[in-house]
>>> print(open('upload_32.cif').read())   # mmCIF, C-alpha atoms; chains and numbers go by the auth columns
data_query
#
loop_
_atom_site.group_PDB
_atom_site.id
_atom_site.type_symbol
_atom_site.label_atom_id
_atom_site.label_comp_id
_atom_site.label_asym_id
_atom_site.label_seq_id
_atom_site.Cartn_x
_atom_site.Cartn_y
_atom_site.Cartn_z
_atom_site.B_iso_or_equiv
_atom_site.auth_seq_id
_atom_site.auth_asym_id
ATOM 1 C CA MET A 1 -3.497 2.490 1.334 0.00 1479 A
ATOM 2 C CA LEU A 2 -2.102 -0.600 -0.350 0.00 1480 A
ATOM 3 C CA TRP A 3 1.320 -0.232 -1.953 0.00 1481 A
ATOM 4 C CA ASP A 4 0.014 -1.535 -5.303 0.00 1482 A
ATOM 5 C CA ILE A 5 -2.472 1.340 -5.424 0.00 1483 A
ATOM 6 C CA ARG A 6 0.101 3.951 -4.389 0.00 1484 A
ATOM 7 C CA ALA A 7 2.378 2.649 -7.170 0.00 1485 A
ATOM 8 C CA ARG A 8 -0.263 3.675 -9.708 0.00 1486 A
ATOM 9 C CA MET A 9 -0.336 7.285 -8.486 0.00 1487 A
ATOM 10 C CA LYS A 10 2.024 10.132 -9.398 0.00 1488 A
ATOM 11 C CA PRO A 11 3.878 12.598 -7.164 0.00 1489 A
ATOM 12 C CA VAL A 12 1.530 15.535 -6.605 0.00 1490 A
ATOM 13 C CA LEU A 13 4.100 18.154 -7.558 0.00 1491 A
ATOM 14 C CA SER A 14 4.725 16.487 -10.930 0.00 1492 A
ATOM 15 C CA VAL A 15 0.984 16.693 -11.636 0.00 1493 A
ATOM 16 C CA ILE A 16 0.794 20.300 -10.409 0.00 1494 A
ATOM 17 C CA ASP A 17 3.652 21.112 -12.776 0.00 1495 A
ATOM 18 C CA LEU A 18 1.308 20.263 -15.662 0.00 1496 A
ATOM 19 C CA ILE A 19 -0.384 23.614 -14.985 0.00 1497 A
ATOM 20 C CA PRO A 20 1.657 26.521 -16.367 0.00 1498 A
ATOM 21 C CA ASP A 21 2.645 29.378 -14.056 0.00 1499 A
ATOM 22 C CA VAL A 22 1.134 27.866 -10.899 0.00 1500 A
ATOM 23 C CA HIS A 23 2.516 28.366 -7.389 0.00 1501 A
ATOM 24 C CA ARG A 24 3.339 24.750 -6.527 0.00 1502 A
ATOM 25 C CA THR A 25 3.271 24.796 -2.727 0.00 1503 A
ATOM 26 C CA ALA A 26 0.030 26.769 -2.559 0.00 1504 A
ATOM 27 C CA ALA A 27 -1.548 24.403 -5.115 0.00 1505 A
ATOM 28 C CA LEU A 28 -0.451 21.370 -3.084 0.00 1506 A
ATOM 29 C CA THR A 29 -1.972 22.845 0.082 0.00 1507 A
ATOM 30 C CA ILE A 30 -5.311 23.707 -1.505 0.00 1508 A
ATOM 31 C CA LEU A 31 -5.545 20.340 -3.282 0.00 1509 A
ATOM 32 C CA ARG A 32 -4.909 18.502 0.007 0.00 1510 A
ATOM 33 C CA ARG A 33 -7.511 20.655 1.789 0.00 1511 A
ATOM 34 C CA SER A 34 -10.054 20.266 -1.001 0.00 1512 A
ATOM 35 C CA VAL A 35 -9.733 16.457 -1.001 0.00 1513 A
ATOM 36 C CA PHE A 36 -9.654 15.893 2.761 0.00 1514 A
ATOM 37 C CA GLU A 37 -11.798 18.763 4.076 0.00 1515 A
ATOM 38 C CA GLY A 38 -13.900 19.627 1.047 0.00 1516 A
ATOM 39 C CA ARG A 39 -12.724 23.268 1.159 0.00 1517 A
ATOM 40 C CA PRO A 40 -13.227 24.742 -1.347 0.00 1518 A
ATOM 41 C CA THR A 41 -15.863 22.440 -2.742 0.00 1519 A
ATOM 42 C CA VAL A 42 -15.188 22.117 -6.438 0.00 1520 A
ATOM 43 C CA LEU A 43 -16.283 18.505 -6.975 0.00 1521 A
ATOM 44 C CA ARG A 44 -18.403 16.121 -4.977 0.00 1522 A
ATOM 45 C CA LEU A 45 -16.143 13.309 -3.849 0.00 1523 A
ATOM 46 C CA THR A 46 -17.311 10.041 -2.354 0.00 1524 A
ATOM 47 C CA SER A 47 -15.347 8.694 0.605 0.00 1525 A
ATOM 48 C CA GLU A 48 -13.752 6.199 -1.798 0.00 1526 A
ATOM 49 C CA ASP A 49 -12.785 9.039 -4.158 0.00 1527 A
ATOM 50 C CA ARG A 50 -11.164 10.855 -1.226 0.00 1528 A
ATOM 51 C CA ASP A 51 -9.238 7.718 -0.293 0.00 1529 A
ATOM 52 C CA TYR A 52 -7.780 7.377 -3.788 0.00 1530 A
ATOM 53 C CA ALA A 53 -7.477 11.034 -4.846 0.00 1531 A
ATOM 54 C CA PHE A 54 -4.565 11.950 -2.591 0.00 1532 A
ATOM 55 C CA HIS A 55 -2.056 10.005 -0.510 0.00 1533 A
ATOM 56 C CA ASP A 56 -0.311 12.078 2.133 0.00 1534 A
ATOM 57 C CA ALA A 57 3.225 10.777 2.545 0.00 1535 A
ATOM 58 C CA PRO A 58 6.778 12.185 2.599 0.00 1536 A
ATOM 59 C CA VAL A 59 6.293 12.439 -1.172 0.00 1537 A
ATOM 60 C CA PRO A 60 2.557 13.178 -1.551 0.00 1538 A
ATOM 61 C CA LEU A 61 0.844 11.287 -4.371 0.00 1539 A
ATOM 62 C CA THR A 62 -2.250 11.895 -6.425 0.00 1540 A
ATOM 63 C CA SER A 63 -4.311 9.877 -8.859 0.00 1541 A
ATOM 64 C CA PRO A 64 -6.314 10.934 -11.902 0.00 1542 A
ATOM 65 C CA ILE A 65 -9.153 11.597 -9.432 0.00 1543 A
ATOM 66 C CA GLY A 66 -6.971 14.141 -7.630 0.00 1544 A
ATOM 67 C CA ALA A 67 -5.908 15.583 -10.986 0.00 1545 A
ATOM 68 C CA ARG A 68 -9.587 16.138 -11.772 0.00 1546 A
ATOM 69 C CA VAL A 69 -9.966 18.033 -8.481 0.00 1547 A
ATOM 70 C CA LEU A 70 -6.847 20.042 -9.326 0.00 1548 A
ATOM 71 C CA LYS A 71 -8.283 21.028 -12.712 0.00 1549 A
ATOM 72 C CA ALA A 72 -11.573 22.075 -11.093 0.00 1550 A
ATOM 73 C CA LEU A 73 -9.608 24.217 -8.628 0.00 1551 A
ATOM 74 C CA TYR A 74 -7.748 25.770 -11.552 0.00 1552 A
ATOM 75 C CA LEU A 75 -10.871 26.464 -13.595 0.00 1553 A
ATOM 76 C CA GLY A 76 -12.632 27.845 -10.506 0.00 1554 A
ATOM 77 C CA GLY A 77 -9.843 30.360 -9.971 0.00 1555 A
ATOM 78 C CA HIS A 78 -8.758 28.831 -6.647 0.00 1556 A
ATOM 79 C CA LEU A 79 -5.102 28.334 -7.599 0.00 1557 A
ATOM 80 C CA LYS A 80 -2.558 31.098 -7.240 0.00 1558 A
ATOM 81 C CA LEU A 81 -0.913 31.760 -10.608 0.00 1559 A
ATOM 82 C CA LYS A 82 2.198 33.732 -11.485 0.00 1560 A
ATOM 83 C CA LYS A 83 0.459 34.963 -14.659 0.00 1561 A
ATOM 84 C CA PRO A 84 -3.302 35.279 -15.116 0.00 1562 A
ATOM 85 C CA GLY A 85 -5.225 33.544 -17.840 0.00 1563 A
ATOM 86 C CA ILE A 86 -6.966 30.262 -18.576 0.00 1564 A
ATOM 87 C CA LYS A 87 -5.052 28.042 -20.944 0.00 1565 A
ATOM 88 C CA PRO A 88 -5.745 24.548 -22.242 0.00 1566 A
ATOM 89 C CA LEU A 89 -4.125 21.878 -20.083 0.00 1567 A
ATOM 90 C CA PRO A 90 -3.526 18.955 -22.470 0.00 1568 A
ATOM 91 C CA ALA A 91 -0.977 17.145 -20.284 0.00 1569 A
ATOM 92 C CA LEU A 92 -3.230 17.353 -17.218 0.00 1570 A
ATOM 93 C CA ASP A 93 -6.217 16.276 -19.319 0.00 1571 A
ATOM 94 C CA ARG A 94 -4.275 13.218 -20.526 0.00 1572 A
ATOM 95 C CA TYR A 95 -3.636 12.162 -16.919 0.00 1573 A
ATOM 96 C CA ILE A 96 -7.268 12.791 -15.973 0.00 1574 A
ATOM 97 C CA ALA A 97 -8.338 10.625 -18.930 0.00 1575 A
ATOM 98 C CA THR A 98 -6.599 7.622 -17.313 0.00 1576 A
ATOM 99 C CA GLU A 99 -9.114 7.637 -14.427 0.00 1577 A
ATOM 100 C CA PRO A 100 -11.176 4.662 -15.743 0.00 1578 A
ATOM 101 C CA ASP A 101 -7.984 2.580 -16.024 0.00 1579 A
ATOM 102 C CA PHE A 102 -6.907 3.699 -12.538 0.00 1580 A
ATOM 103 C CA ARG A 103 -10.287 2.726 -11.071 0.00 1581 A
ATOM 104 C CA ALA A 104 -10.152 -0.666 -12.808 0.00 1582 A
ATOM 105 C CA GLU A 105 -6.657 -1.267 -11.374 0.00 1583 A
ATOM 106 C CA VAL A 106 -7.842 -0.258 -7.881 0.00 1584 A
ATOM 107 C CA ALA A 107 -10.742 -2.709 -8.169 0.00 1585 A
ATOM 108 C CA ARG A 108 -8.346 -5.459 -9.316 0.00 1586 A
ATOM 109 C CA VAL A 109 -5.885 -4.769 -6.485 0.00 1587 A
ATOM 110 C CA LEU A 110 -8.649 -4.680 -3.866 0.00 1588 A
ATOM 111 C CA GLY A 111 -10.153 -7.896 -5.259 0.00 1589 A
ATOM 112 C CA ALA A 112 -6.775 -9.638 -5.108 0.00 1590 A
ATOM 113 C CA GLU A 113 -6.212 -8.388 -1.537 0.00 1591 A
ATOM 114 C CA THR A 114 -9.661 -9.593 -0.468 0.00 1592 A
ATOM 115 C CA ALA A 115 -8.974 -13.009 -2.029 0.00 1593 A
ATOM 116 C CA ARG A 116 -5.538 -13.164 -0.367 0.00 1594 A
ATOM 117 C CA ARG A 117 -7.019 -12.399 3.049 0.00 1595 A
ATOM 118 C CA ALA A 118 -9.846 -14.903 2.573 0.00 1596 A
ATOM 119 C CA ARG A 119 -7.317 -17.599 1.618 0.00 1597 A
ATOM 120 C CA LEU A 120 -5.161 -16.737 4.642 0.00 1598 A
ATOM 121 C CA ASP A 121 -8.224 -17.036 6.911 0.00 1599 A
ATOM 122 C CA GLN A 122 -9.039 -20.395 5.312 0.00 1600 A
ATOM 123 C CA ILE A 123 -5.510 -21.706 5.915 0.00 1601 A
ATOM 124 C CA ILE A 124 -5.457 -20.391 9.497 0.00 1602 A
ATOM 125 C CA ALA A 125 -8.725 -22.248 10.155 0.00 1603 A
ATOM 126 C CA ASP A 126 -7.460 -25.447 8.455 0.00 1604 A
ATOM 127 C CA PRO A 127 -3.657 -25.538 7.966 0.00 1605 A
ATOM 128 C CA ALA A 128 -3.938 -28.866 6.113 0.00 1606 A
ATOM 129 C CA CYS A 129 -5.746 -27.171 3.209 0.00 1607 A
ATOM 130 C CA ALA A 130 -2.652 -25.124 2.294 0.00 1608 A
ATOM 131 C CA ASP A 131 -0.606 -26.045 -0.741 0.00 1609 A
ATOM 132 C CA PRO A 132 3.169 -26.474 -0.213 0.00 1610 A
ATOM 133 C CA ALA A 133 3.717 -23.736 -2.842 0.00 1611 A
ATOM 134 C CA GLU A 134 1.896 -21.292 -0.526 0.00 1612 A
ATOM 135 C CA LEU A 135 4.317 -21.793 2.359 0.00 1613 A
ATOM 136 C CA SER A 136 6.212 -18.688 3.443 0.00 1614 A
ATOM 137 C CA PRO A 137 7.601 -17.355 6.721 0.00 1615 A
ATOM 138 C CA TYR A 138 4.667 -14.903 6.788 0.00 1616 A
ATOM 139 C CA LEU A 139 2.084 -17.686 6.415 0.00 1617 A
ATOM 140 C CA ILE A 140 3.763 -19.883 9.030 0.00 1618 A
ATOM 141 C CA ASP A 141 3.921 -16.977 11.474 0.00 1619 A
ATOM 142 C CA LYS A 142 0.215 -16.148 10.983 0.00 1620 A
ATOM 143 C CA VAL A 143 -0.896 -19.767 11.406 0.00 1621 A
ATOM 144 C CA MET A 144 1.300 -20.314 14.465 0.00 1622 A
ATOM 145 C CA THR A 145 0.141 -17.084 16.077 0.00 1623 A
ATOM 146 C CA ALA A 146 -3.471 -18.190 15.632 0.00 1624 A
ATOM 147 C CA GLN A 147 -2.851 -21.786 16.758 0.00 1625 A
ATOM 148 C CA LEU A 148 -0.162 -21.384 19.443 0.00 1626 A
ATOM 149 C CA GLY A 149 -0.238 -17.737 20.471 0.00 1627 A
ATOM 150 C CA HIS A 150 1.796 -14.622 19.748 0.00 1628 A
ATOM 151 C CA GLY A 151 5.546 -15.283 19.740 0.00 1629 A
ATOM 152 C CA VAL A 152 5.193 -18.904 20.899 0.00 1630 A
ATOM 153 C CA CYS A 153 7.707 -21.246 19.265 0.00 1631 A
ATOM 154 C CA GLY A 154 6.815 -24.716 18.108 0.00 1632 A
ATOM 155 C CA THR A 155 6.080 -27.001 15.184 0.00 1633 A
ATOM 156 C CA LEU A 156 2.829 -27.406 13.251 0.00 1634 A
ATOM 157 C CA LEU A 157 1.799 -29.342 10.185 0.00 1635 A
ATOM 158 C CA ILE A 158 0.876 -26.868 7.445 0.00 1636 A
ATOM 159 C CA ALA A 159 0.238 -28.177 3.939 0.00 1637 A
ATOM 160 C CA GLY A 160 1.229 -31.578 5.289 0.00 1638 A
ATOM 161 C CA MET A 161 4.744 -30.351 6.107 0.00 1639 A
ATOM 162 C CA ALA A 162 6.360 -29.773 9.498 0.00 1640 A
ATOM 163 C CA CYS A 163 6.710 -26.023 9.857 0.00 1641 A
ATOM 164 C CA HIS A 164 8.693 -24.451 12.664 0.00 1642 A
ATOM 165 C CA ARG A 165 8.856 -21.188 14.541 0.00 1643 A
ATOM 166 C CA THR A 166 12.057 -20.950 16.550 0.00 1644 A
ATOM 167 C CA GLN A 167 14.117 -18.252 18.229 0.00 1645 A
ATOM 168 C CA ALA A 168 17.524 -17.129 17.086 0.00 1646 A
ATOM 169 C CA ALA A 169 19.742 -15.286 19.529 0.00 1647 A
ATOM 170 C CA PRO A 170 21.087 -11.924 18.341 0.00 1648 A
ATOM 171 C CA ASP A 171 24.453 -12.125 16.638 0.00 1649 A
ATOM 172 C CA GLY A 172 27.536 -10.512 18.207 0.00 1650 A
ATOM 173 C CA ALA A 173 26.906 -7.065 16.733 0.00 1651 A
ATOM 174 C CA GLU A 174 23.296 -7.073 17.917 0.00 1652 A
ATOM 175 C CA GLY A 175 24.251 -8.602 21.253 0.00 1653 A
ATOM 176 C CA ASP A 176 26.230 -5.495 22.164 0.00 1654 A
ATOM 177 C CA ARG A 177 23.076 -3.440 22.149 0.00 1655 A
ATOM 178 C CA LEU A 178 21.064 -2.963 25.298 0.00 1656 A
ATOM 179 C CA ARG A 179 17.908 -5.059 25.328 0.00 1657 A
ATOM 180 C CA ALA A 180 18.833 -7.022 22.210 0.00 1658 A
ATOM 181 C CA GLU A 181 15.930 -9.338 21.439 0.00 1659 A
ATOM 182 C CA ASN A 182 15.812 -12.803 19.976 0.00 1660 A
ATOM 183 C CA ARG A 183 14.444 -13.053 16.430 0.00 1661 A
ATOM 184 C CA LEU A 184 11.628 -15.422 15.537 0.00 1662 A
ATOM 185 C CA LEU A 185 12.438 -17.636 12.553 0.00 1663 A
ATOM 186 C CA CYS A 186 9.753 -19.399 10.519 0.00 1664 A
ATOM 187 C CA TRP A 187 10.979 -22.248 8.334 0.00 1665 A
ATOM 188 C CA TRP A 188 10.324 -25.699 6.898 0.00 1666 A
ATOM 189 C CA LEU A 189 12.105 -28.488 5.038 0.00 1667 A
ATOM 190 C CA ASP A 190 11.024 -28.932 1.431 0.00 1668 A
ATOM 191 C CA ALA A 191 10.443 -32.310 -0.244 0.00 1669 A
ATOM 192 C CA ALA A 192 14.179 -32.547 -1.004 0.00 1670 A
ATOM 193 C CA GLY A 193 15.064 -31.923 2.647 0.00 1671 A
ATOM 194 C CA ASN A 194 16.350 -28.376 2.064 0.00 1672 A
ATOM 195 C CA ARG A 195 15.581 -25.722 4.608 0.00 1673 A
ATOM 196 C CA GLN A 196 13.293 -22.993 3.277 0.00 1674 A
ATOM 197 C CA GLY A 197 12.092 -19.765 4.839 0.00 1675 A
ATOM 198 C CA ASP A 198 14.058 -17.771 7.371 0.00 1676 A
ATOM 199 C CA SER A 199 17.728 -18.713 7.628 0.00 1677 A
ATOM 200 C CA ALA A 200 19.287 -19.243 11.033 0.00 1678 A
#
>>> encode(input="upload_32.cif", output="structure tokens")
Amino acid sequence: MLWDIRARMKPVLSVIDLIPDVHRTAALTILRRSVFEGRPTVLRLTSEDRDYAFHDAPVPLTSPIGARVLKALYLGGHLKLKKPGIKPLPALDRYIATEPDFRAEVARVLGAETARRARLDQIIADPACADPAELSPYLIDKVMTAQLGHGVCGTLLIAGMACHRTQAAPDGAEGDRLRAENRLLCWWLDAAGNRQGDSA
């Protein structure tokens, strides 16, 4: 999942805490299972909904879609509570209500990523079409890998500028390690003759 999408999600436990008297760990487990395995089935989720409802990471994250699943689990009596009783969940409902905004942000992020990849493919196919403002070590590395091969050093014209991929030997501290490897540097000289990109 793209970082920009993860950044718009909340830690699962903070969302679970919006339900009074719930056993947090058990709720986390059943939410994860409900999203990924559909057990118990409380809402029909599309594959896209599943992708954006829950992000399993060292700090698990959930979106308003996952919060909606969590509320359905709660209302269906699937969550273990310290005290019985159905109560209104205004804080959880407020997060669930942000789902349209979340979906719009996901669509925007995915559109931007698709455009970025299409532009990268265009530049790889024709390095001359790049604008000097687009130059970056990442772009130079991608173009050189496509044109010269993986890890091959050399110079190519990208955006009408000589761009280089060179090797830098490990410094003294790195050189003490077994199997220290050379680093690949991607750089260019700007219009003023200043080196840009990776420093030597």
>>> resolve_selection(input="upload_32.cif", expression="the PyMOL selection byres ((chain A and resi 1505) around 9)", output="NGL selection string")
:A and (1491 or 1494 or 1500-1504 or 1506-1510 or 1548 or 1551 or 1556-1558)
>>> resolve_selection(input="upload_32.cif", expression="the PyMOL selection byres ((chain A and resi 1543) around 7)", output="PyMOL selection string")
chain A and resi 1527+1531+1541-1542+1544-1547+1574+1577
>>> write_last_selection(input="upload_32.cif", atoms="C-alpha atoms", output="mmCIF file, in the frame of the given file")
data_model
loop_
_atom_site.group_PDB
_atom_site.id
_atom_site.type_symbol
_atom_site.label_atom_id
_atom_site.label_comp_id
_atom_site.auth_asym_id
_atom_site.auth_seq_id
_atom_site.Cartn_x
_atom_site.Cartn_y
_atom_site.Cartn_z
ATOM 1 C CA ASP A 1527 -12.785 9.039 -4.158
ATOM 2 C CA ALA A 1531 -7.477 11.034 -4.846
ATOM 3 C CA SER A 1541 -4.311 9.877 -8.859
ATOM 4 C CA PRO A 1542 -6.314 10.934 -11.902
ATOM 5 C CA GLY A 1544 -6.971 14.141 -7.630
ATOM 6 C CA ALA A 1545 -5.908 15.583 -10.986
ATOM 7 C CA ARG A 1546 -9.587 16.138 -11.772
ATOM 8 C CA VAL A 1547 -9.966 18.033 -8.481
ATOM 9 C CA ILE A 1574 -7.268 12.791 -15.973
ATOM 10 C CA GLU A 1577 -9.114 7.637 -14.427
#
>>> residues_around(input="upload_32.cif", residues="Val1584 of chain A", least_positions_apart="3", cutoff="10 Å", atoms="only C-alpha atoms", output="CSV table (one decimal) with C-alpha atoms, keeping the file's coordinate frame")
chain,number,residue,atom,x,y,z
A,1480,LEU,CA,-2.1,-0.6,-0.4
A,1482,ASP,CA,0.0,-1.5,-5.3
A,1483,ILE,CA,-2.5,1.3,-5.4
A,1484,ARG,CA,0.1,4.0,-4.4
A,1486,ARG,CA,-0.3,3.7,-9.7
A,1530,TYR,CA,-7.8,7.4,-3.8
A,1578,PRO,CA,-11.2,4.7,-15.7
A,1579,ASP,CA,-8.0,2.6,-16.0
A,1580,PHE,CA,-6.9,3.7,-12.5
A,1581,ARG,CA,-10.3,2.7,-11.1
A,1587,VAL,CA,-5.9,-4.8,-6.5
A,1588,LEU,CA,-8.6,-4.7,-3.9
A,1589,GLY,CA,-10.2,-7.9,-5.3
A,1590,ALA,CA,-6.8,-9.6,-5.1
>>> closest_residue(input="upload_32.cif", among="A:Ala1669, A:Ala1593, A:Ala1550, A:Ala1535", to="Thr1519 of chain A", atoms="all atoms listed in the file")
A:Ala1550
>>> atom_distance(input="upload_32.cif", atom1="atom CA of Ala1640 of chain A", atom2="atom CA of Asn1660 of chain A")
22.1 Å
>>> resolve_selection(input="upload_32.cif", expression="the PyMOL selection byres ((chain A and resi 1608-1611) around 8)", output="list in words")
Ile1601, Asp1604, Pro1605, Ala1606, Cys1607, Glu1612, Leu1613, Ile1636, Ala1637, Gly1638 and Met1639 of chain A
>>> atom_distance(input="upload_32.cif", atom1="atom CA of Gly1629 of chain A", atom2="atom CA of Trp1481 of chain A")
26.7 Å
>>> atom_distance(input="upload_32.cif", atom1="atom CA of Glu1515 of chain A", atom2="atom CA of Gly1555 of chain A")
18.3 Å
>>> residues_near_point(input="upload_32.cif", point="(1.5, 17.0, -21.3)", cutoff="10 Å", atoms="all atoms listed in the file", output="list in words")
Val1493, Asp1495, Leu1496, Ile1497, Leu1567, Pro1568, Ala1569, Leu1570, Asp1571, Arg1572 and Tyr1573 of chain A
>>> closest_residue(input="upload_32.cif", among="A:Ala1670, A:Leu1521, A:Lys1620, A:Gly1627", to="Gly1554 of chain A", atoms="all atoms listed in the file")
A:Leu1521
>>> closest_residue(input="upload_32.cif", among="A:Cys1631, A:Asp1534, A:Glu1526, A:Gly1516", to="Val1490 of chain A", atoms="all atoms listed in the file")
A:Asp1534
>>> closest_residue(input="upload_32.cif", among="A:Leu1539, A:Arg1522, A:Arg1517, A:Ile1618", to="Ala1485 of chain A", atoms="only C-alpha atoms")
A:Leu1539
>>> axis_aligned_box(input="upload_32.cif", around="segment 1565-1581 of chain A", padding_each_side="8 Å", output="lines of an AutoDock Vina configuration file")
center_x = -6.1
center_y = 15.3
center_z = -16.8
size_x = 26.2
size_y = 41.5
size_z = 27.4
>>> residues_near_point(input="upload_32.cif", point="(3.4, -15.3, 18.6)", cutoff="12 Å", atoms="all atoms listed in the file", output="PDB file with C-alpha atoms, keeping the file's coordinate frame")
ATOM      1  CA  TYR A1616       4.667 -14.903   6.788  1.00  0.00           C
ATOM      2  CA  ILE A1618       3.763 -19.883   9.030  1.00  0.00           C
ATOM      3  CA  ASP A1619       3.921 -16.977  11.474  1.00  0.00           C
ATOM      4  CA  LYS A1620       0.215 -16.148  10.983  1.00  0.00           C
ATOM      5  CA  VAL A1621      -0.896 -19.767  11.406  1.00  0.00           C
ATOM      6  CA  MET A1622       1.300 -20.314  14.465  1.00  0.00           C
ATOM      7  CA  THR A1623       0.141 -17.084  16.077  1.00  0.00           C
ATOM      8  CA  ALA A1624      -3.471 -18.190  15.632  1.00  0.00           C
ATOM      9  CA  GLN A1625      -2.851 -21.786  16.758  1.00  0.00           C
ATOM     10  CA  LEU A1626      -0.162 -21.384  19.443  1.00  0.00           C
ATOM     11  CA  GLY A1627      -0.238 -17.737  20.471  1.00  0.00           C
ATOM     12  CA  HIS A1628       1.796 -14.622  19.748  1.00  0.00           C
ATOM     13  CA  GLY A1629       5.546 -15.283  19.740  1.00  0.00           C
ATOM     14  CA  VAL A1630       5.193 -18.904  20.899  1.00  0.00           C
ATOM     15  CA  CYS A1631       7.707 -21.246  19.265  1.00  0.00           C
ATOM     16  CA  GLY A1632       6.815 -24.716  18.108  1.00  0.00           C
ATOM     17  CA  ARG A1643       8.856 -21.188  14.541  1.00  0.00           C
ATOM     18  CA  THR A1644      12.057 -20.950  16.550  1.00  0.00           C
ATOM     19  CA  GLN A1645      14.117 -18.252  18.229  1.00  0.00           C
ATOM     20  CA  ARG A1661      14.444 -13.053  16.430  1.00  0.00           C
ATOM     21  CA  LEU A1662      11.628 -15.422  15.537  1.00  0.00           C
ATOM     22  CA  LEU A1663      12.438 -17.636  12.553  1.00  0.00           C
ATOM     23  CA  CYS A1664       9.753 -19.399  10.519  1.00  0.00           C
TER      24      CYS A1664
END
>>> closest_residue(input="upload_32.cif", among="A:Leu1553, A:Leu1617, A:Ala1646, A:Ile1564", to="Ser1677 of chain A", atoms="all atoms listed in the file")
A:Ala1646
>>> closest_residue(input="upload_32.cif", among="A:His1642, A:Lys1565, A:Pro1498, A:Tyr1552", to="Pro1518 of chain A", atoms="all atoms listed in the file")
A:Tyr1552
